[in-house]
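One structure is given here, and the rest of the page talks about it.
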Amino acid sequence: MADIHVEEFYKDAAIALVQLYSAFPRRVNLFVEDIAGPDEPDEFGLHSKRHMACFGALLWLAEEGFLRYVDTIRQEALDQAVLTQEAFVRLSSPAPDVLVQALRGPESPLETPLPQSLQEDMSSHIHLVRTALKSRHSLRIGHAVRATLFTDKQGD
């Protein structure tokens, strides 16, 4: 079992990538509270460890080239964030069939013939990440995010 902070990172990264993909190519403000939930700073104005971990995950995504942003809004949000070209291509690209089968949700029909365009859409990395988030199953979310962020692109 993974450490809880790593599972939270996968979930935070998944939510952020889905939000940015849904808005692409528009720049949007990416608020930590929309990803990690509400947070009340303490009497010294410091955020919780959970809030800061989510903020750190967003900054990490930017440092690793998955998103760009203009500035931070304190430790509350990334201002005018957008996916990078590499992240957009990776999220839009089809995942390996083995991964698609492994992450197929119980709600997915097993062998129902679908039009080719729909099959391609349902095998994209972004679809797998969205499906994993809907499942609320941390292992599926982690698997989908690892496959999206850390697997070398096919054909390289």
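Every chain in the structure tokens has a letter given in the order shown (A, B, ...), and although residue numbers restart at 1 in each chain, ligands are simply numbered from 1 in the order shown.
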Would you give me, as a PyMOL selection string, the residues in chain A that DSSP reads as helix (DSSP H, G or I)? chain A and resi 4-23+32-36+49-63+85-92+97-103+116-122+125-135+138-149
Tell me, which residues of chain A carry DSSP strand (DSSP E), written as a count of residues only? 16
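Using only C-alpha atoms, the smallest distance between any of A:Arg90, A:Arg50, A:Arg26, A:Arg146 and Arg68 of chain A comes from A:Arg26.
With only C-alpha atoms as the basis for measurement, A:Ile4 is the residue among A:Ala81, A:Leu67, A:Ile4, A:Leu139 that approaches Ala53 of chain A most closely.
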Might you pull out every residue within 10 Å of Thr72 of chain A, with only C-alpha atoms counted and same-chain residues fewer than 2 positions away left off, and present them as a ChimeraX atom specification? /A:29-31,55,59,69-70,74-81
Residues near Phe9 of chain A, cut-off 9 Å, only C-alpha atoms, skip fewer than 4 positions along chain, as a PyMOL selection string: chain A and resi 4-5+13-14+53-54+56-57+142
Across A:Ala36, A:Arg27, A:His143, A:Glu86, the smallest distance to His51 of chain A, with only C-alpha atoms counted, is shown by A:Ala36
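Our summary of the geometry notes that atom CA of Leu58 of chain A is positioned 25.3 Å from atom CA of Ser123 of chain A.
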Which polymer residues have any atom within 9 Å of an atom of Phe88 of chain A, counting only C-alpha atoms, with same-chain residues fewer than 3 positions away left out, as a PDB file with N, CA and C atoms, in the first residue's frame?
ATOM      1  N   TYR A  21      -7.490  20.080 -18.707  1.00  0.00           N
ATOM      2  CA  TYR A  21      -7.855  19.490 -20.002  1.00  0.00           C
ATOM      3  C   TYR A  21      -9.250  19.957 -20.419  1.00  0.00           C
ATOM      4  N   PHE A  24      -8.892  23.457 -21.726  1.00  0.00           N
ATOM      5  CA  PHE A  24      -7.878  23.684 -22.765  1.00  0.00           C
ATOM      6  C   PHE A  24      -8.493  24.225 -24.046  1.00  0.00           C
ATOM      7  N   PHE A  66       4.264  19.832 -17.077  1.00  0.00           N
ATOM      8  CA  PHE A  66       2.907  19.406 -17.427  1.00  0.00           C
ATOM      9  C   PHE A  66       1.944  20.587 -17.518  1.00  0.00           C
ATOM     10  N   LEU A  83      -2.391  23.637 -19.668  1.00  0.00           N
ATOM     11  CA  LEU A  83      -1.565  22.470 -19.968  1.00  0.00           C
ATOM     12  C   LEU A  83      -0.475  22.838 -20.964  1.00  0.00           C
ATOM     13  N   THR A  84       0.661  22.197 -20.829  1.00  0.00           N
ATOM     14  CA  THR A  84       1.693  22.343 -21.851  1.00  0.00           C
ATOM     15  C   THR A  84       1.314  21.484 -23.046  1.00  0.00           C
ATOM     16  N   GLN A  85       1.995  21.715 -24.148  1.00  0.00           N
ATOM     17  CA  GLN A  85       1.740  20.923 -25.354  1.00  0.00           C
ATOM     18  C   GLN A  85       2.005  19.451 -25.079  1.00  0.00           C
ATOM     19  N   LEU A  91      -2.169  13.390 -22.618  1.00  0.00           N
ATOM     20  CA  LEU A  91      -3.526  13.109 -22.125  1.00  0.00           C
ATOM     21  C   LEU A  91      -4.459  12.698 -23.257  1.00  0.00           C
ATOM     22  N   SER A  92      -4.267  13.260 -24.431  1.00  0.00           N
ATOM     23  CA  SER A  92      -5.136  12.961 -25.580  1.00  0.00           C
ATOM     24  C   SER A  92      -4.788  11.640 -26.256  1.00  0.00           C
ATOM     25  N   SER A  93      -3.600  11.165 -26.043  1.00  0.00           N
ATOM     26  CA  SER A  93      -3.137   9.980 -26.761  1.00  0.00           C
ATOM     27  C   SER A  93      -3.739   8.702 -26.191  1.00  0.00           C
TER      28      SER A  93
END
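Atom to atom, atom CA of Gly45 of chain A and atom CA of Glu33 of chain A stand 15.6 Å apart.
The space separating atom CA of Leu20 of chain A from atom CA of Asp3 of chain A comes to 26.1 Å.
Nearest residue to Thr131 of chain A, choosing from A:Val6, A:Val89, A:Val18, A:Val82 and counting only C-alpha atoms: A:Val18.
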I'd like a table as a Markdown table: residues in segment 28-134 of chain A with an atom no more than 12 Å from segment 147-150 of chain A, each row giving the shortest atom pair and its distance in Å to one decimal, only C-alpha atoms counted, sorted by chain and rising residue number.
| residue | atom | partner | partner_atom | distance |
| --- | --- | --- | --- | --- |
| A:Trp60 | CA | A:Leu149 | CA | 11.7 |
| A:Leu61 | CA | A:Leu149 | CA | 9.4 |
| A:Glu64 | CA | A:Leu149 | CA | 9.6 |
| A:Gly65 | CA | A:Leu149 | CA | 10.3 |
| A:Phe66 | CA | A:Leu149 | CA | 8.5 |
| A:Leu67 | CA | A:Leu149 | CA | 11.9 |
| A:Glu86 | CA | A:Leu149 | CA | 10.5 |
| A:Ala87 | CA | A:Leu149 | CA | 8.4 |
| A:Phe88 | CA | A:Thr148 | CA | 10.8 |
| A:Val89 | CA | A:Thr148 | CA | 10.6 |
| A:Arg90 | CA | A:Thr148 | CA | 6.9 |
| A:Leu91 | CA | A:Thr148 | CA | 6.9 |
| A:Ser92 | CA | A:Thr148 | CA | 10.1 |
| A:Ser93 | CA | A:Thr148 | CA | 9.6 |
| A:Pro94 | CA | A:Thr148 | CA | 10.3 |
| A:Ala95 | CA | A:Ala147 | CA | 8.2 |
| A:Pro96 | CA | A:Ala147 | CA | 9.4 |
| A:Val98 | CA | A:Ala147 | CA | 11.2 |
| A:Leu99 | CA | A:Ala147 | CA | 8.0 |
| A:Val100 | CA | A:Ala147 | CA | 10.5 |
| A:Ala102 | CA | A:Ala147 | CA | 11.4 |
| A:Leu103 | CA | A:Ala147 | CA | 10.6 |
| A:Ser124 | CA | A:Thr148 | CA | 9.7 |
| A:His125 | CA | A:Thr148 | CA | 6.2 |
| A:Ile126 | CA | A:Thr148 | CA | 8.3 |
| A:His127 | CA | A:Thr148 | CA | 10.8 |
| A:Leu128 | CA | A:Thr148 | CA | 9.1 |
| A:Val129 | CA | A:Thr148 | CA | 8.2 |
| A:Arg130 | CA | A:Thr148 | CA | 11.8 |
| A:Ala132 | CA | A:Ala147 | CA | 12.0 |
Would you list the contacts of Ile35 of chain A as a PyMOL selection string, taking every protein, DNA or RNA residue within 8 Å and counting only C-alpha atoms, but skipping same-chain residues closer than 5 positions in sequence? chain A and resi 12+15-16+54
